[in-house]
>>> print(open('work-v1.txt').read())   # compact mmCIF, C-alpha atoms and all ligand atoms
# COMPACT_ATOMS: atom_id res chain seq x y z
CA MET A 1 40.86 19.80 -17.01
CA SER A 2 40.68 16.13 -16.41
CA ASN A 3 40.05 13.37 -18.83
CA LEU A 4 41.88 15.01 -21.71
CA ARG A 5 43.23 11.99 -23.46
CA LEU A 6 43.76 11.24 -27.08
CA ARG A 7 40.51 9.99 -28.62
CA LYS A 8 40.72 7.30 -31.23
CA TYR A 9 38.50 5.95 -33.94
CA GLY A 10 35.16 4.74 -32.59
CA ASP A 11 34.80 7.62 -30.16
CA PRO A 12 31.58 9.40 -31.13
CA ILE A 13 33.10 12.87 -30.63
CA LEU A 14 35.29 12.34 -33.70
CA ARG A 15 32.17 12.18 -35.88
CA LYS A 16 30.46 15.28 -34.47
CA LYS A 17 30.52 18.71 -36.04
CA ALA A 18 32.36 20.67 -33.35
CA ARG A 19 30.82 23.76 -31.78
CA TRP A 20 31.91 27.28 -32.66
CA VAL A 21 33.90 28.92 -29.88
CA GLU A 22 31.97 31.84 -28.38
CA LYS A 23 34.58 33.24 -26.04
CA ILE A 24 38.32 33.06 -25.66
CA GLY A 25 39.44 32.97 -22.05
CA SER A 26 41.67 31.06 -19.67
CA GLU A 27 39.79 27.82 -20.34
CA GLU A 28 40.53 28.03 -24.06
CA ARG A 29 44.16 28.98 -23.44
CA ASP A 30 44.50 26.05 -21.03
CA LEU A 31 43.00 23.79 -23.64
CA LEU A 32 45.52 25.03 -26.22
CA SER A 33 48.46 24.19 -23.99
CA HIS A 34 47.02 20.74 -23.22
CA MET A 35 46.57 20.17 -26.93
CA ALA A 36 50.20 21.13 -27.62
CA LYS A 37 51.38 18.81 -24.85
CA ILE A 38 49.34 15.83 -26.06
CA MET A 39 50.33 16.46 -29.69
CA HIS A 40 54.03 16.55 -28.85
CA GLU A 41 53.82 13.49 -26.59
CA ASN A 42 52.37 11.59 -29.51
CA ASN A 43 54.78 13.01 -32.09
CA GLY A 44 51.95 14.66 -33.99
CA ILE A 45 52.13 17.66 -36.29
CA GLY A 46 48.56 18.80 -35.82
CA LEU A 47 45.64 18.25 -33.47
CA ALA A 48 41.99 19.25 -33.26
CA ALA A 49 40.17 19.75 -29.91
CA PRO A 50 37.67 16.90 -30.54
CA GLN A 51 40.67 14.56 -30.69
CA ILE A 52 41.12 15.09 -26.97
CA GLY A 53 37.41 14.95 -26.27
CA VAL A 54 36.59 18.66 -26.38
CA ASP A 55 33.69 19.87 -28.50
CA LYS A 56 35.22 23.13 -29.75
CA ARG A 57 36.42 24.43 -33.10
CA ILE A 58 40.07 24.76 -32.12
CA VAL A 59 43.09 23.31 -33.90
CA ILE A 60 46.84 23.52 -33.58
CA VAL A 61 49.33 22.93 -36.36
CA ASP A 62 53.07 22.56 -36.02
CA THR A 63 54.50 24.42 -38.97
CA GLU A 64 58.27 24.44 -39.12
CA GLY A 65 59.31 26.76 -36.37
CA GLU A 66 55.90 27.95 -35.30
CA LEU A 67 52.93 26.43 -33.54
CA LEU A 68 49.78 27.80 -35.14
CA LYS A 69 46.81 28.03 -32.79
CA LEU A 70 43.58 28.53 -34.69
CA ILE A 71 40.19 29.18 -33.13
CA ASN A 72 37.10 28.93 -35.36
CA PRO A 73 39.27 28.46 -38.46
CA GLN A 74 37.66 28.82 -41.86
CA ILE A 75 39.17 28.02 -45.22
CA LEU A 76 38.23 30.92 -47.48
CA GLU A 77 40.07 29.98 -50.66
CA MET A 78 41.65 26.86 -52.10
CA GLU A 79 44.04 26.51 -54.99
CA GLY A 80 45.66 23.61 -56.79
CA GLU A 81 45.56 20.01 -55.74
CA GLU A 82 47.94 17.30 -54.69
CA TRP A 83 47.72 13.71 -53.48
CA LEU A 84 49.67 12.56 -50.45
CA SER A 85 49.35 9.70 -48.02
CA GLU A 86 48.17 10.92 -44.60
CA GLY A 87 48.07 9.45 -41.13
CA CYS A 88 46.15 10.59 -38.06
CA LEU A 89 46.78 10.28 -34.32
CA SER A 90 43.20 9.05 -33.91
CA LEU A 91 43.79 6.28 -36.46
CA PRO A 92 47.07 4.61 -35.51
CA GLU A 93 48.82 2.74 -38.31
CA ILE A 94 46.23 3.74 -40.89
CA PHE A 95 47.39 5.64 -43.98
CA VAL A 96 45.19 6.98 -46.74
CA PRO A 97 46.11 9.01 -49.83
CA VAL A 98 44.16 12.26 -49.71
CA ASN A 99 43.78 14.86 -52.44
CA ARG A 100 44.04 18.35 -50.91
CA ALA A 101 44.42 21.92 -52.10
CA LYS A 102 48.07 22.99 -52.36
CA LYS A 103 47.43 26.52 -51.24
CA ILE A 104 44.70 27.86 -48.94
CA LYS A 105 43.59 31.11 -47.44
CA ILE A 106 42.65 30.82 -43.78
CA GLU A 107 40.80 33.06 -41.40
CA ALA A 108 40.69 32.38 -37.66
CA LEU A 109 40.98 33.92 -34.22
CA ASN A 110 44.21 33.55 -32.31
CA GLU A 111 44.47 33.05 -28.55
CA ASP A 112 44.63 36.84 -28.07
CA LYS A 113 41.17 37.11 -29.72
CA LYS A 114 42.69 38.73 -32.80
CA LEU A 115 41.19 37.98 -36.19
CA ILE A 116 43.99 36.67 -38.36
CA SER A 117 44.00 35.84 -42.03
CA PHE A 118 46.81 34.36 -44.07
CA THR A 119 47.69 32.29 -47.09
CA ILE A 120 49.69 29.12 -46.61
CA GLU A 121 50.89 26.40 -48.95
CA GLY A 122 52.62 23.06 -49.00
CA PHE A 123 52.61 20.58 -46.16
CA SER A 124 51.27 22.95 -43.49
CA ALA A 125 48.32 23.82 -45.74
CA ARG A 126 47.59 20.10 -45.93
CA VAL A 127 47.77 19.69 -42.15
CA ILE A 128 45.37 22.61 -41.63
CA GLN A 129 42.88 21.05 -44.05
CA HIS A 130 43.19 17.73 -42.21
CA GLU A 131 42.54 19.41 -38.85
CA VAL A 132 39.60 21.47 -40.15
CA ASP A 133 38.14 18.17 -41.41
CA HIS A 134 38.25 16.93 -37.80
CA LEU A 135 36.09 19.91 -36.76
CA ASN A 136 33.50 18.72 -39.25
CA GLY A 137 33.60 15.09 -38.14
CA VAL A 138 35.55 14.02 -41.23
CA LEU A 139 38.39 11.48 -41.01
CA ILE A 140 40.99 10.39 -43.58
CA ILE A 141 39.30 7.00 -43.95
CA ASP A 142 36.35 8.83 -45.54
CA TYR A 143 38.61 9.49 -48.54
CA ALA A 144 39.58 5.85 -48.98
CA THR A 145 38.50 3.84 -52.00
CA GLU A 146 36.13 0.91 -51.38
CA GLU A 147 39.03 -1.46 -51.94
CA ARG A 148 41.17 0.28 -49.33
CA LYS A 149 38.22 0.40 -46.92
CA ARG A 150 37.91 -3.36 -47.21
CA ARG A 151 41.60 -3.82 -46.51
CA MET A 152 41.45 -1.49 -43.46
CA LYS A 153 38.31 -3.04 -42.03
CA ARG A 154 39.92 -5.34 -39.50
CA SER A 155 42.39 -2.71 -38.21
CA LEU A 156 39.58 -0.20 -37.82
CA GLU A 157 37.47 -2.69 -35.89
CA GLU A 158 40.38 -3.31 -33.55
CA ILE A 159 40.82 0.41 -32.84
CA ALA A 160 37.07 0.85 -32.34
CA ASN A 161 36.88 -2.11 -29.94
CA HIS A 162 39.65 -0.68 -27.83
CA THR A 163 37.93 2.72 -27.82
CA ARG A 164 34.66 1.12 -26.71
CA MET A 165 36.45 -0.63 -23.86
CA LEU A 166 37.99 2.63 -22.63
CA LEU A 167 34.69 4.51 -22.84
CA GLU A 168 32.94 1.75 -20.93
CA MET A 169 35.59 1.87 -18.19
CA GLU A 170 35.23 5.64 -17.92
CA LYS A 171 31.48 5.32 -17.63
CA ARG A 172 31.80 2.79 -14.82
CA ARG A 173 34.33 4.91 -12.99
CA GLY A 174 31.49 7.37 -12.38
CA GLU A 175 29.08 4.78 -11.02
CA LYS A 176 28.46 4.29 -7.30
CA MET A 177 30.43 1.56 -5.59
CA TYR A 178 28.24 -0.72 -3.47
CA PHE A 179 30.88 -3.16 -2.33
CA LYS A 180 33.09 -1.07 -0.09
NI NI B 1 43.90 13.58 -37.62
>>> encode(input="work-v1.txt", output="structure tokens")
Amino acid sequence: MSNLRLRKYGDPILRKKARWVEKIGSEERDLLSHMAKIMHENNGIGLAAPQIGVDKRIVIVDTEGELLKLINPQILEMEGEEWLSEGCLSLPEIFVPVNRAKKIKIEALNEDKKLISFTIEGFSARVIQHEVDHLNGVLIIDYATEERKRRMKRSLEEIANHTRMLLEMEKRRGEKMYFK
């Protein structure tokens, strides 16, 4: 698996609704370990496959003591609400207060193809909701007030410009070289 790098704001994959996973095999398990590696390298606590350029509904969440690996996760129930400022590896140095359910019921497949279902609350419940948002092309900036959006505008443009530059370089890497 080449080209698995952290995707940042401005990369079109972050705005796509990710595809449902139709089989769980070595490719998916490989992807999960790459995701864990990239998340840890970047000191993250959660990561969604589109954030490393893969169009699949897969997320990982670092709960205290356990790394949750969720394939095709669905939030079945939500309870309570709470505001907290969130960051995102795809949006460096951007923080937005987001209102999320305190407690959720989740259903997903694990890497052994088992259907799992559990209730989780607190911070990990928040991280799961954040990662499931990624699978639907939703980012924390979508929750920002107009005022906050105005204040973030320049920083967002900077991230997007850098993303565009990287994508352009990757595109050219694949072109034929005529000046050998
Ligand atoms: Ni994120």
>>> closest_residue(input="work-v1.txt", among="A:Lys103, A:Arg148, A:His134, A:Arg154", to="ligand NI 1 (chain B)", atoms="only C-alpha atoms and all ligand atoms")
A:His134
>>> closest_atom_pairs(input="work-v1.txt", of="chain A", to="ligand NI 1 (chain B)", cutoff="8 Å", atoms="only C-alpha atoms and all ligand atoms", output="tab-separated table")
residue	atom	partner	partner_atom	distance
A:Gly46	CA	B:NI1	NI	7.2
A:Leu47	CA	B:NI1	NI	6.5
A:Ala48	CA	B:NI1	NI	7.4
A:Gln51	CA	B:NI1	NI	7.7
A:Gly87	CA	B:NI1	NI	6.8
A:Cys88	CA	B:NI1	NI	3.8
A:Leu89	CA	B:NI1	NI	5.5
A:Ser90	CA	B:NI1	NI	5.9
A:Leu91	CA	B:NI1	NI	7.4
A:His130	CA	B:NI1	NI	6.2
A:Glu131	CA	B:NI1	NI	6.1
A:His134	CA	B:NI1	NI	6.6
A:Leu139	CA	B:NI1	NI	6.8
A:Ile140	CA	B:NI1	NI	7.4
>>> atom_distance(input="work-v1.txt", atom1="CA of Glu157 in chain A", atom2="CA of Ala49 in chain A")
23.4 Å
>>> residues_near_point(input="work-v1.txt", point="(38.4, 30.0, -38.2)", cutoff="6 Å", atoms="only C-alpha atoms", output="list in words")
Ile71, Asn72, Pro73, Gln74, Glu107 and Ala108 of chain A
>>> residues_around(input="work-v1.txt", residues="Asn110 in chain A", least_positions_apart="2", cutoff="7 Å", atoms="only C-alpha atoms", output="PyMOL selection string")
chain A and resi 69-71+108+112-116
>>> write_last_selection(input="work-v1.txt", atoms="C-alpha atoms", output="PDB file, in the coordinates of the input")
ATOM      1  CA  LYS A  69      46.810  28.030 -32.790  1.00  0.00           C
ATOM      2  CA  LEU A  70      43.580  28.530 -34.690  1.00  0.00           C
ATOM      3  CA  ILE A  71      40.190  29.180 -33.130  1.00  0.00           C
ATOM      4  CA  ALA A 108      40.690  32.380 -37.660  1.00  0.00           C
ATOM      5  CA  ASP A 112      44.630  36.840 -28.070  1.00  0.00           C
ATOM      6  CA  LYS A 113      41.170  37.110 -29.720  1.00  0.00           C
ATOM      7  CA  LYS A 114      42.690  38.730 -32.800  1.00  0.00           C
ATOM      8  CA  LEU A 115      41.190  37.980 -36.190  1.00  0.00           C
ATOM      9  CA  ILE A 116      43.990  36.670 -38.360  1.00  0.00           C
TER      10      ILE A 116
END
>>> axis_aligned_box(input="work-v1.txt", around="range 51-57 of chain A", padding_each_side="5 Å", output="AutoDock Vina command-line options")
--center_x 37.4 --center_y 19.5 --center_z -29.7 --size_x 17.4 --size_y 19.9 --size_z 16.8
>>> atom_distance(input="work-v1.txt", atom1="CA of Ser26 in chain A", atom2="CA of His40 in chain A")
21.2 Å
>>> residues_around(input="work-v1.txt", residues="Ser33 in chain A", least_positions_apart="5", cutoff="12 Å", atoms="all atoms listed in the file", output="PDB file with C-alpha atoms, in the frame of the given file")
ATOM      1  CA  MET A   1      40.860  19.800 -17.010  1.00  0.00           C
ATOM      2  CA  LEU A   4      41.880  15.010 -21.710  1.00  0.00           C
ATOM      3  CA  SER A  26      41.670  31.060 -19.670  1.00  0.00           C
ATOM      4  CA  GLU A  27      39.790  27.820 -20.340  1.00  0.00           C
ATOM      5  CA  GLU A  28      40.530  28.030 -24.060  1.00  0.00           C
ATOM      6  CA  ILE A  38      49.340  15.830 -26.060  1.00  0.00           C
ATOM      7  CA  MET A  39      50.330  16.460 -29.690  1.00  0.00           C
ATOM      8  CA  HIS A  40      54.030  16.550 -28.850  1.00  0.00           C
ATOM      9  CA  LEU A  47      45.640  18.250 -33.470  1.00  0.00           C
ATOM     10  CA  ALA A  49      40.170  19.750 -29.910  1.00  0.00           C
ATOM     11  CA  ILE A  58      40.070  24.760 -32.120  1.00  0.00           C
ATOM     12  CA  VAL A  59      43.090  23.310 -33.900  1.00  0.00           C
ATOM     13  CA  ILE A  60      46.840  23.520 -33.580  1.00  0.00           C
ATOM     14  CA  LEU A  67      52.930  26.430 -33.540  1.00  0.00           C
ATOM     15  CA  LEU A  68      49.780  27.800 -35.140  1.00  0.00           C
ATOM     16  CA  LYS A  69      46.810  28.030 -32.790  1.00  0.00           C
ATOM     17  CA  GLU A 111      44.470  33.050 -28.550  1.00  0.00           C
TER      18      GLU A 111
END
>>> residues_near_point(input="work-v1.txt", point="(46.9, 18.2, -55.2)", cutoff="10 Å", atoms="all atoms listed in the file", output="list in words")
Glu79, Gly80, Glu81, Glu82, Trp83, Leu84, Val98, Asn99, Arg100, Ala101, Lys102, Lys103, Gly122 and Arg126 of chain A
>>> closest_residue(input="work-v1.txt", among="A:Asn3, A:Val21, A:Val96, A:Tyr9", to="Ile52 in chain A", atoms="all atoms listed in the file")
A:Asn3
>>> closest_residue(input="work-v1.txt", among="A:Leu156, A:Trp20, A:Ile13, A:Arg29", to="Glu93 in chain A", atoms="only C-alpha atoms")
A:Leu156
>>> atom_distance(input="work-v1.txt", atom1="CA of Asp142 in chain A", atom2="CA of Glu121 in chain A")
23.1 Å
>>> closest_residue(input="work-v1.txt", among="A:Gly174, A:Gly25, A:Pro50, A:Gly65", to="Asp11 in chain A", atoms="all atoms listed in the file")
A:Pro50
>>> closest_residue(input="work-v1.txt", among="A:Leu166, A:Phe95, A:Asp133, A:Gly53", to="Arg7 in chain A", atoms="only C-alpha atoms")
A:Gly53
>>> closest_residue(input="work-v1.txt", among="A:Asp55, A:Ser124, A:Asn42, A:Ile94", to="Glu158 in chain A", atoms="only C-alpha atoms")
A:Ile94
>>> decode(input="work-v1.txt", residues="range 129-172 of chain A", atoms="N, CA and C atoms", output="compact mmCIF listing (two decimals), in the first residue's frame")
# COMPACT_ATOMS: atom_id res chain seq x y z
N GLN A 129 -17.99 9.50 17.30
CA GLN A 129 -18.89 10.35 16.51
C GLN A 129 -18.11 11.22 15.53
N HIS A 130 -16.96 11.72 15.99
CA HIS A 130 -16.10 12.53 15.12
C HIS A 130 -15.62 11.70 13.92
N GLU A 131 -15.21 10.45 14.19
CA GLU A 131 -14.69 9.61 13.10
C GLU A 131 -15.80 9.18 12.14
N VAL A 132 -16.99 8.89 12.68
CA VAL A 132 -18.11 8.52 11.80
C VAL A 132 -18.48 9.72 10.91
N ASP A 133 -18.37 10.92 11.46
CA ASP A 133 -18.57 12.13 10.64
C ASP A 133 -17.64 12.10 9.43
N HIS A 134 -16.38 11.74 9.65
CA HIS A 134 -15.42 11.69 8.54
C HIS A 134 -15.92 10.77 7.43
N LEU A 135 -16.57 9.66 7.81
CA LEU A 135 -17.05 8.71 6.79
C LEU A 135 -18.18 9.31 5.96
N ASN A 136 -18.79 10.36 6.51
CA ASN A 136 -19.87 11.02 5.78
C ASN A 136 -19.43 12.35 5.17
N GLY A 137 -18.13 12.58 5.16
CA GLY A 137 -17.61 13.81 4.56
C GLY A 137 -17.80 15.05 5.41
N VAL A 138 -18.06 14.83 6.71
CA VAL A 138 -18.32 15.97 7.61
C VAL A 138 -17.07 16.26 8.44
N LEU A 139 -16.73 17.54 8.55
CA LEU A 139 -15.55 17.97 9.32
C LEU A 139 -15.98 18.90 10.45
N ILE A 140 -15.13 19.05 11.47
CA ILE A 140 -15.50 19.88 12.62
C ILE A 140 -15.82 21.32 12.22
N ILE A 141 -15.17 21.81 11.18
CA ILE A 141 -15.42 23.20 10.77
C ILE A 141 -16.87 23.42 10.34
N ASP A 142 -17.55 22.32 9.98
CA ASP A 142 -18.96 22.44 9.58
C ASP A 142 -19.84 22.83 10.77
N TYR A 143 -19.34 22.63 11.98
CA TYR A 143 -20.10 22.98 13.18
C TYR A 143 -19.80 24.39 13.67
N ALA A 144 -18.87 25.06 13.02
CA ALA A 144 -18.45 26.38 13.49
C ALA A 144 -19.51 27.44 13.20
N THR A 145 -19.59 28.42 14.08
CA THR A 145 -20.47 29.56 13.85
C THR A 145 -19.89 30.38 12.69
N GLU A 146 -20.71 31.25 12.11
CA GLU A 146 -20.24 32.09 11.00
C GLU A 146 -19.04 32.94 11.44
N GLU A 147 -19.13 33.43 12.66
CA GLU A 147 -18.07 34.27 13.22
C GLU A 147 -16.74 33.49 13.29
N ARG A 148 -16.84 32.27 13.80
CA ARG A 148 -15.64 31.44 13.90
C ARG A 148 -15.10 31.08 12.51
N LYS A 149 -16.04 30.82 11.58
CA LYS A 149 -15.62 30.49 10.20
C LYS A 149 -14.82 31.64 9.60
N ARG A 150 -15.27 32.86 9.89
CA ARG A 150 -14.55 34.03 9.37
C ARG A 150 -13.14 34.09 9.95
N ARG A 151 -13.06 33.82 11.27
CA ARG A 151 -11.76 33.89 11.92
C ARG A 151 -10.81 32.79 11.44
N MET A 152 -11.38 31.63 11.03
CA MET A 152 -10.54 30.49 10.61
C MET A 152 -10.14 30.58 9.14
N LYS A 153 -10.79 31.49 8.41
CA LYS A 153 -10.70 31.49 6.96
C LYS A 153 -9.26 31.41 6.43
N ARG A 154 -8.42 32.30 6.97
CA ARG A 154 -7.05 32.36 6.46
C ARG A 154 -6.28 31.06 6.74
N SER A 155 -6.43 30.53 7.96
CA SER A 155 -5.73 29.27 8.30
C SER A 155 -6.20 28.14 7.40
N LEU A 156 -7.49 28.10 7.14
CA LEU A 156 -8.03 27.03 6.28
C LEU A 156 -7.48 27.14 4.86
N GLU A 157 -7.40 28.38 4.38
CA GLU A 157 -6.87 28.60 3.03
C GLU A 157 -5.43 28.12 2.94
N GLU A 158 -4.67 28.38 4.02
CA GLU A 158 -3.28 27.95 4.02
C GLU A 158 -3.16 26.43 3.95
N ILE A 159 -4.00 25.74 4.74
CA ILE A 159 -3.95 24.27 4.72
C ILE A 159 -4.35 23.76 3.34
N ALA A 160 -5.40 24.35 2.78
CA ALA A 160 -5.90 23.91 1.47
C ALA A 160 -4.87 24.16 0.37
N ASN A 161 -4.15 25.27 0.46
CA ASN A 161 -3.13 25.56 -0.56
C ASN A 161 -2.02 24.52 -0.52
N HIS A 162 -1.63 24.17 0.69
CA HIS A 162 -0.58 23.17 0.84
C HIS A 162 -1.05 21.82 0.30
N THR A 163 -2.29 21.47 0.59
CA THR A 163 -2.87 20.22 0.10
C THR A 163 -2.86 20.19 -1.43
N ARG A 164 -3.25 21.31 -2.02
CA ARG A 164 -3.31 21.41 -3.49
C ARG A 164 -1.91 21.19 -4.09
N MET A 165 -0.92 21.78 -3.44
CA MET A 165 0.45 21.64 -3.91
C MET A 165 0.89 20.17 -3.88
N LEU A 166 0.58 19.49 -2.78
CA LEU A 166 0.96 18.07 -2.67
C LEU A 166 0.25 17.22 -3.71
N LEU A 167 -1.04 17.48 -3.92
CA LEU A 167 -1.81 16.69 -4.89
C LEU A 167 -1.27 16.90 -6.30
N GLU A 168 -0.90 18.15 -6.59
CA GLU A 168 -0.35 18.48 -7.90
C GLU A 168 0.98 17.75 -8.12
N MET A 169 1.81 17.72 -7.08
CA MET A 169 3.10 17.02 -7.18
C MET A 169 2.89 15.52 -7.41
N GLU A 170 1.90 14.96 -6.71
CA GLU A 170 1.62 13.53 -6.88
C GLU A 170 1.14 13.22 -8.29
N LYS A 171 0.34 14.12 -8.83
CA LYS A 171 -0.18 13.94 -10.17
C LYS A 171 0.96 13.94 -11.18
N ARG A 172 1.89 14.87 -11.00
CA ARG A 172 3.02 15.00 -11.93
C ARG A 172 4.00 13.85 -11.83
